[in-house]
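Chemist: There's a structure below that I have some questions on.
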Amino acid sequence: MPREIEFREALREAMSQCMRDDPRVFLMGEEVAEYNGAYKVSKGMLDEFGPRRVIDTPISENGFAGLGIGAAMMGLRPIIEFMSWSFSLVAADQILNNAPKMLYMSGGQFGCPIVFRGNNGAGGQLGSTHSWCVESLYANVPGVKIVLPTTPYEAKGLLRTAILDPDPVFFLESERMLGMKGDVPEEPYEVPFGKARIVREGTDCTIVSFGRPVHFCIEAAETLEKDGIDCEVLDGRSVRPLDIDAIVKSVRKTNYCVVVDQAWPFASISSEIASQVHKRCFDDLDNHVHRVNADDVPAPYAYNLEQEMLPNARKIVEAVRSATYQA
Amino acid sequence: MTTATQPQAEENLAAKLPPDTLQQWLRDMLLIREFEVRTMQAYQDRKIGGFCHVYIGQEAVAVGCTAAVEHKDPIITAYRDHGHALARGMDPRYAMAEMYGKIGGCAKGKGGSMHLFDKPNNMFGGHGIVGAQCPLGTGLAFATKYEDEVMKGGTNTRVTLCFLGDGALNQGAFHEAMNLAGILDLPIIFICENNGYSMGTAISRGTTMGHNITSKAAGYGMESAIIDGMDIFTVYNGMKPLVDRCRDTSRPIFVDMRTYRYKGHSMSDPRKYRTKEEEQQYESNDVIDKLANWLMQEGHLTEDAYDKLVKEIRKEVRASMKWADNSPEPDIKELYTDVFVEEWGPFLGTSPPQIVKDAEGAGNDEDDDETREDDDD
């Protein structure tokens with residue numbers, strides 16, 4: 001029965017339902033238990049599951065990320081919360097060198113069924129150390145699945161899929177979206193990875209994005225509609241696996257493509273998609289793929305500078321107009 | 001408890017064990033020694049590539065420590081891992097074939113010397129990044145305790161042995177793991193195989209309080225011990241009570257295991273940072289000779305039997321090299337297996353290595369060697 005709940009509640013519900021079903025699943029991270037979650041995602045979970053399954057850690061990301069991976073090698077199903085993916089950088093050796101490679105370098109003996117989750121992207125004037133968008137950086141590494149939910153419904157279904165997945169999943173939420181409300185069924189359900197969602201159908205230009213910027217794409221499409229440009233907006237859901245087939249199918253219909261990616265432009269998700277679309281749709285495209293990224297600078301503190309640095313509806317509108325020769 | 005015990009004459013538990021147990025230890029140490037000698041040779045012959053770190057001199061540590069735990073107890077170590085794998089019971093054929101980059105290797109040739117894994121024997125790897133296995137070790141200990149206590153509602157039954165080199169003492173991962181083990185009450189023993197050098201850097205040049213590294217444990221409120229790793233009796237006698245206590249109390253312990261590697265850090269190390277005299281001092285008091293002499297004195301081993309054992313092991317290791325030689329290279333499709341568990345896109349899912357198939361089909365598939373070679377067609 002769908003009812004309207006917040007994004008953070010949808011995440012909590014996915015975790016709690018999995019933990020009720022499977023005693024191997026536990027939640028570990030900074031402030032997840034007694035504090036009720038730094039962002040209240042895990043509120044109440046300590047009460048329901050107790051301190052053996054909802055476990056506070058010290059500020060020690062490399063340590064508890066590695067602990068989770070070791071536990072996953074033994075067959076448990078850890079959910080490791082990073083308060084921010086910005087802090088995952090100090091755990092890079094564990095999450096990039098161990099989690100995605102354990103299955104391979106052990107010749108298939110030890111898998112790593114683990115979910116790392118937390119806030120990704122600019123939170124709001126947090127400055128350069130706390131505003132990381134890690135998807136482009138981490139997507140370079142084979143062996144991980146990287147997921148960016150966009151709505152409460154998507155968040156619950158994708159997180160359940162992540163917890164049930166036998167491989168390591170990086171689940172990138174956004175602090176800016178945790179309070180977003182939406183209709184979410186009470187019962188458990190799964191939303192698949194690698195299957196893009198058509199958020200808005202259109203015929204004139206394909207806009208592809210992941211996570212929070214999908215909402216900016218919708219906003220831009222509404223603006224463009226008034227100018228007579230009918231955009232198709234795709235939410236890729238996961239950058240790995242990437243649903244390139246869905247993107248190609250849409251581009252073959254619209255003949256134009258704009259990729260919106262909240263990470264930096266150099267060697268990014270957007271450059272990867274541009275490359276793949278150019279290869280697959282060379283004869284279908286009426287212009288090169290246009291990209292909207294965060295500016296190629298460290299994230300600033302000042303409000304106006306940060307706003308200018310990030311992708312937004314205005315930049316997407318400009319990119320679509322440029323791509324479709326209507327600038 | 002934060003006490004560090006100096007090497008001392010504790011109860012000689014090892015001497016009370018059945019003689020065939022000690023004979024097995026001798027056999028295991030000889031196997032590691034011979035395996036490593038041949039590994040060096042094979043490396044010179046370019047049959048083994050990459051980085052390769054041999055365990056010669058430290059045999060008593062792996063054999064004595066694994067003897068002090070049960071088979072169900074997980075072990076994990078760094079990249080000088082051949083000794084641990086063999087001590088844990090890995091067939092030398094799988095270890096050698098792994099280093100030869102062959103399909104018969106424990107990881108089908110995809111891990112190499114530094115990454116030996118043996119799931120049937122609860123050996124959770126060889127890990128290539130200094131110190132990185134320490135957080136993983138805490139995870140193993142967390143999981144065993146979680147399974148026993150949270151999932152089964154019982155009490156903890158397993159102890160994790162997490163080996164590390166003295167170089168790892170300076171890595172953040174080690175310190176984070178120590179702290180987590182303490183905070184979460186994890187049943188893990190961190191065994192620092194302190195051979196005095198992290199690559200070419202003497203411990204006094206790289207580690208504060210290098211003369212007394214149990215002070216690291218004191219900082220974490222952790223029980224610790226100093227054990228002479230150059231004698232399997234002191235290793236076993238020192239470790240056994242610690243293992244029992246760790247199992248009972250589910251509290252972590254740190255061990256300064258004083259040992260020495262006779263050879264270089266890796267195959268390309270000319271050992272300019274230490275003296276020949278120092279090396280000879282250790283080699284003249286060899287760990288294997290010590291046990292062999294004791295067994296002879298006690299009447300549990302004759303010169304003839306020892307010679308026979310040495311020959312038998314030489315034969316076994318030579319056979320492992322021949323087996324590794326004959327094992328095919330991994331099929332190119334192996335590039336795409338084991339990236340993800342399930343098949344999607346170009347990825348082919350998993351295919352278990354021979355070491356797992358053998359453990360699963362133990363006793364009912366004696367001709368698997370030939371089957372493997374047929375597979376290459």
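By order of appearance in the structure tokens: chains A, B, ..., then residues from 1 within every chain, and ligands from 1 in the order shown.
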Should the cut-off be 7 Å, what would the residue list for chain A against chain B look like, counting only C-alpha atoms, as a ChimeraX atom specification?
Modeler: /A:23,60,62-64,66-71,74,76,103-109,143,166-167
Chemist: Write out as number ranges by chain each polymer residue whose atoms come within 8 Å of Val54 (chain A), counting only C-alpha atoms; drop sequence neighbours fewer than 5 positions from it.
Modeler: A: 26-28, 32-33, 45-46, 49
Chemist: If you run DSSP on the backbone here, which positions in region 18-258 of chain A get helix (DSSP H, G or I)? Please write them as a VMD selection string.
Modeler: chain A and resid 18 to 21 45 to 49 61 to 73 85 to 98 102 to 105 128 to 130 135 to 139 152 to 164 175 to 177 213 to 226 244 to 254
Chemist: Any chance you can output those residues with C-alpha atoms as an mmCIF file, in the first residue's frame?
Modeler:
```cif
data_model
loop_
_atom_site.group_PDB
_atom_site.id
_atom_site.type_symbol
_atom_site.label_atom_id
_atom_site.label_comp_id
_atom_site.auth_asym_id
_atom_site.auth_seq_id
_atom_site.Cartn_x
_atom_site.Cartn_y
_atom_site.Cartn_z
ATOM 1 C CA CYS A 18 16.239 -6.883 4.726
ATOM 2 C CA MET A 19 17.467 -7.163 8.314
ATOM 3 C CA ARG A 20 14.199 -8.747 9.393
ATOM 4 C CA ASP A 21 14.472 -11.287 6.587
ATOM 5 C CA MET A 45 16.942 0.859 14.033
ATOM 6 C CA LEU A 46 19.020 0.441 17.175
ATOM 7 C CA ASP A 47 15.799 0.019 19.137
ATOM 8 C CA GLU A 48 14.513 -2.636 16.793
ATOM 9 C CA PHE A 49 17.690 -4.603 16.083
ATOM 10 C CA GLU A 61 36.647 4.695 7.722
ATOM 11 C CA ASN A 62 39.564 2.616 6.480
ATOM 12 C CA GLY A 63 39.169 0.375 9.507
ATOM 13 C CA PHE A 64 35.438 -0.235 9.420
ATOM 14 C CA ALA A 65 35.262 -0.392 5.620
ATOM 15 C CA GLY A 66 37.867 -3.159 5.777
ATOM 16 C CA LEU A 67 36.046 -4.797 8.659
ATOM 17 C CA GLY A 68 32.925 -4.939 6.533
ATOM 18 C CA ILE A 69 34.813 -6.483 3.640
ATOM 19 C CA GLY A 70 36.322 -9.147 5.901
ATOM 20 C CA ALA A 71 32.862 -9.917 7.291
ATOM 21 C CA ALA A 72 31.497 -10.157 3.745
ATOM 22 C CA MET A 73 34.280 -12.602 2.826
ATOM 23 C CA TRP A 85 31.251 9.585 0.483
ATOM 24 C CA SER A 86 33.829 12.364 0.816
ATOM 25 C CA PHE A 87 35.127 10.407 3.796
ATOM 26 C CA SER A 88 35.366 7.217 1.781
ATOM 27 C CA LEU A 89 38.572 8.567 0.293
ATOM 28 C CA VAL A 90 40.471 7.622 3.430
ATOM 29 C CA ALA A 91 39.120 4.099 2.934
ATOM 30 C CA ALA A 92 40.072 4.021 -0.743
ATOM 31 C CA ASP A 93 42.477 1.123 -0.352
ATOM 32 C CA GLN A 94 39.804 -1.046 1.215
ATOM 33 C CA ILE A 95 36.886 -0.102 -1.000
ATOM 34 C CA LEU A 96 38.816 -0.008 -4.276
ATOM 35 C CA ASN A 97 41.657 -2.458 -3.759
ATOM 36 C CA ASN A 98 39.908 -5.100 -1.710
ATOM 37 C CA MET A 102 38.570 -10.074 -3.815
ATOM 38 C CA LEU A 103 36.501 -12.376 -5.997
ATOM 39 C CA TYR A 104 38.913 -12.035 -8.892
ATOM 40 C CA MET A 105 42.209 -12.382 -7.101
ATOM 41 C CA SER A 128 35.883 21.310 -1.235
ATOM 42 C CA THR A 129 36.770 18.459 1.145
ATOM 43 C CA HIS A 130 33.140 17.560 1.914
ATOM 44 C CA GLU A 135 30.873 8.252 -9.046
ATOM 45 C CA SER A 136 33.266 9.158 -11.842
ATOM 46 C CA LEU A 137 36.328 8.435 -9.744
ATOM 47 C CA TYR A 138 35.129 5.045 -8.564
ATOM 48 C CA ALA A 139 33.420 3.980 -11.766
ATOM 49 C CA PRO A 152 11.999 7.687 -2.339
ATOM 50 C CA TYR A 153 10.423 4.903 -4.419
ATOM 51 C CA GLU A 154 13.637 4.327 -6.331
ATOM 52 C CA ALA A 155 15.708 4.543 -3.163
ATOM 53 C CA LYS A 156 13.832 1.786 -1.381
ATOM 54 C CA GLY A 157 13.787 -0.591 -4.320
ATOM 55 C CA LEU A 158 17.371 0.022 -5.382
ATOM 56 C CA LEU A 159 18.717 -0.317 -1.847
ATOM 57 C CA ARG A 160 16.964 -3.661 -1.439
ATOM 58 C CA THR A 161 18.488 -4.796 -4.720
ATOM 59 C CA ALA A 162 21.879 -3.604 -3.454
ATOM 60 C CA ILE A 163 21.615 -5.532 -0.188
ATOM 61 C CA LEU A 164 20.545 -8.711 -1.993
ATOM 62 C CA GLU A 175 22.003 14.907 1.659
ATOM 63 C CA ARG A 176 19.928 17.372 -0.323
ATOM 64 C CA MET A 177 17.329 14.735 -1.145
ATOM 65 C CA PRO A 213 20.637 16.145 -11.189
ATOM 66 C CA VAL A 214 17.826 14.086 -12.746
ATOM 67 C CA HIS A 215 15.503 16.553 -11.029
ATOM 68 C CA PHE A 216 17.301 19.475 -12.669
ATOM 69 C CA CYS A 217 16.858 17.710 -15.996
ATOM 70 C CA ILE A 218 13.099 17.470 -15.411
ATOM 71 C CA GLU A 219 13.005 21.169 -14.543
ATOM 72 C CA ALA A 220 14.977 22.006 -17.674
ATOM 73 C CA ALA A 221 12.714 19.832 -19.829
ATOM 74 C CA GLU A 222 9.678 21.709 -18.545
ATOM 75 C CA THR A 223 11.283 25.028 -19.440
ATOM 76 C CA LEU A 224 12.304 23.759 -22.869
ATOM 77 C CA GLU A 225 8.844 22.420 -23.560
ATOM 78 C CA LYS A 226 7.598 26.006 -23.511
ATOM 79 C CA ILE A 244 23.799 2.075 -22.623
ATOM 80 C CA ASP A 245 21.185 0.244 -24.701
ATOM 81 C CA ALA A 246 18.397 2.428 -23.326
ATOM 82 C CA ILE A 247 20.444 5.563 -23.971
ATOM 83 C CA VAL A 248 21.225 4.457 -27.516
ATOM 84 C CA LYS A 249 17.579 3.630 -28.172
ATOM 85 C CA SER A 250 16.513 7.085 -27.056
ATOM 86 C CA VAL A 251 19.254 8.873 -28.997
ATOM 87 C CA ARG A 252 18.311 6.987 -32.167
ATOM 88 C CA LYS A 253 14.868 8.470 -31.721
ATOM 89 C CA THR A 254 15.860 12.051 -30.839
#
```
Chemist: Using DSSP on the backbone coordinates, identify the residues of region 13-147 of chain B assigned to strand (DSSP E); present them as JSON, numbers by chain.
Modeler: {"B": [75, 76, 77, 123, 124, 125, 126]}
Chemist: Can you spit out the residues from that selection as a tab-separated table (two decimals), in the first residue's frame, using C-alpha atoms?
Modeler:
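Output file again.tsv follows:
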```tsv
chain	number	residue	atom	x	y	z
B	75	ILE	CA	43.84	-17.00	9.15
B	76	ILE	CA	44.86	-14.05	7.03
B	77	THR	CA	48.25	-12.62	6.20
B	123	MET	CA	42.94	-19.21	4.63
B	124	PHE	CA	41.63	-15.77	3.71
B	125	GLY	CA	44.59	-14.64	1.70
B	126	GLY	CA	47.66	-13.29	1.10
```
Chemist: Using CA of Asp28 (chain B) and CA of Gln44 (chain B) as the two end points, give the distance in Å to one decimal.
Modeler: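 Result for CA of Asp28 (chain B) versus CA of Gln44 (chain B): 24.3 Å, one decimal.
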Chemist: CA of Val317 (chain B) and CA of Lys102 (chain B) are how many Å apart?
Modeler: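 The value is 16.4 Å.
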Chemist: Select, from A:Val147, A:Met83, A:Val289, A:Val259, the residue with the minimum atom-to-atom distance to Gly123 (chain A), counting only C-alpha atoms.
Modeler: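 Comparing A:Val147, A:Met83, A:Val289, A:Val259 against Gly123 (chain A), the winner is A:Met83.
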Chemist: Of the residues B:Gly264, B:Gly131, B:Gly361, B:Gly206, which is the one nearest to Ile56 (chain B), using only C-alpha atoms?
Modeler: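 Between B:Gly264, B:Gly131, B:Gly361, B:Gly206, the residue approaching Ile56 (chain B) most closely is B:Gly264.
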Chemist: In terms of the shortest atom-to-atom distance over only C-alpha atoms, which of A:Glu9, A:Asp204, A:Asp295, A:Glu308 is closest to Met180 (chain A)?
Modeler: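 Looking only at the distances to Met180 (chain A), the closest residue turns out to be A:Glu9.
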Chemist: Suppose you want the space between CA of Arg80 (chain B) and CA of Lys101 (chain A); what is it in Å?
Modeler: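 Distance between the two atoms: 19.1 Å.
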Chemist: Looking at only C-alpha atoms, which of B:Asp231, B:Glu10, B:Glu34, B:Glu316 is the one that sits closest to Ala62 (chain B)?
Modeler: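 Ranking B:Asp231, B:Glu10, B:Glu34, B:Glu316 by distance to Ala62 (chain B), first place goes to B:Asp231.
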Chemist: Using only C-alpha atoms, find the one residue out of B:Cys52, B:Val159, B:Met230, B:Leu31 that sits nearest to Asp244 (chain B).
Modeler: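 Looking at the shortest contact to Asp244 (chain B), the residue is B:Val159.
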Chemist: Neighbouring residues of Arg8 (chain A) were defined as those with any atom within 7 Å, considering only C-alpha atoms; residues of the same chain fewer than 2 positions away were excluded. Please report them as a list in words.
Modeler: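 Here the answer would be Glu6, Ala10, Leu11, Arg12, Val41, Leu178 and Gly179 of chain A.
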Chemist: Can you spit out the residues from that selection as a PDB file, in the first residue's frame, using N, CA, C and O atoms?
Modeler:
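Written output follows (result.pdb):
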```pdb
ATOM      1  N   GLU A   6       9.380  10.070   3.510  1.00  0.00           N
ATOM      2  CA  GLU A   6      10.614  10.747   3.091  1.00  0.00           C
ATOM      3  C   GLU A   6      11.620   9.753   2.518  1.00  0.00           C
ATOM      4  O   GLU A   6      11.603   8.564   2.854  1.00  0.00           O
ATOM      5  N   ALA A  10      12.515   5.814   3.359  1.00  0.00           N
ATOM      6  CA  ALA A  10      12.518   4.750   2.336  1.00  0.00           C
ATOM      7  C   ALA A  10      13.807   3.926   2.449  1.00  0.00           C
ATOM      8  O   ALA A  10      13.787   2.693   2.352  1.00  0.00           O
ATOM      9  N   LEU A  11      14.914   4.618   2.662  1.00  0.00           N
ATOM     10  CA  LEU A  11      16.195   3.924   2.839  1.00  0.00           C
ATOM     11  C   LEU A  11      16.143   3.038   4.079  1.00  0.00           C
ATOM     12  O   LEU A  11      16.564   1.876   4.073  1.00  0.00           O
ATOM     13  N   ARG A  12      15.609   3.612   5.159  1.00  0.00           N
ATOM     14  CA  ARG A  12      15.527   2.880   6.425  1.00  0.00           C
ATOM     15  C   ARG A  12      14.648   1.640   6.266  1.00  0.00           C
ATOM     16  O   ARG A  12      14.980   0.565   6.740  1.00  0.00           O
ATOM     17  N   VAL A  41      18.857   8.645   9.000  1.00  0.00           N
ATOM     18  CA  VAL A  41      18.444   7.554   8.104  1.00  0.00           C
ATOM     19  C   VAL A  41      18.164   6.294   8.918  1.00  0.00           C
ATOM     20  O   VAL A  41      17.200   5.577   8.662  1.00  0.00           O
ATOM     21  N   LEU A 178      17.365  13.857   1.145  1.00  0.00           N
ATOM     22  CA  LEU A 178      16.878  12.954   2.201  1.00  0.00           C
ATOM     23  C   LEU A 178      15.490  13.327   2.716  1.00  0.00           C
ATOM     24  O   LEU A 178      14.754  12.483   3.206  1.00  0.00           O
ATOM     25  N   GLY A 179      15.142  14.615   2.609  1.00  0.00           N
ATOM     26  CA  GLY A 179      13.829  15.048   3.076  1.00  0.00           C
ATOM     27  C   GLY A 179      12.752  15.008   2.003  1.00  0.00           C
ATOM     28  O   GLY A 179      11.579  15.270   2.275  1.00  0.00           O
TER      29      GLY A 179
END
```
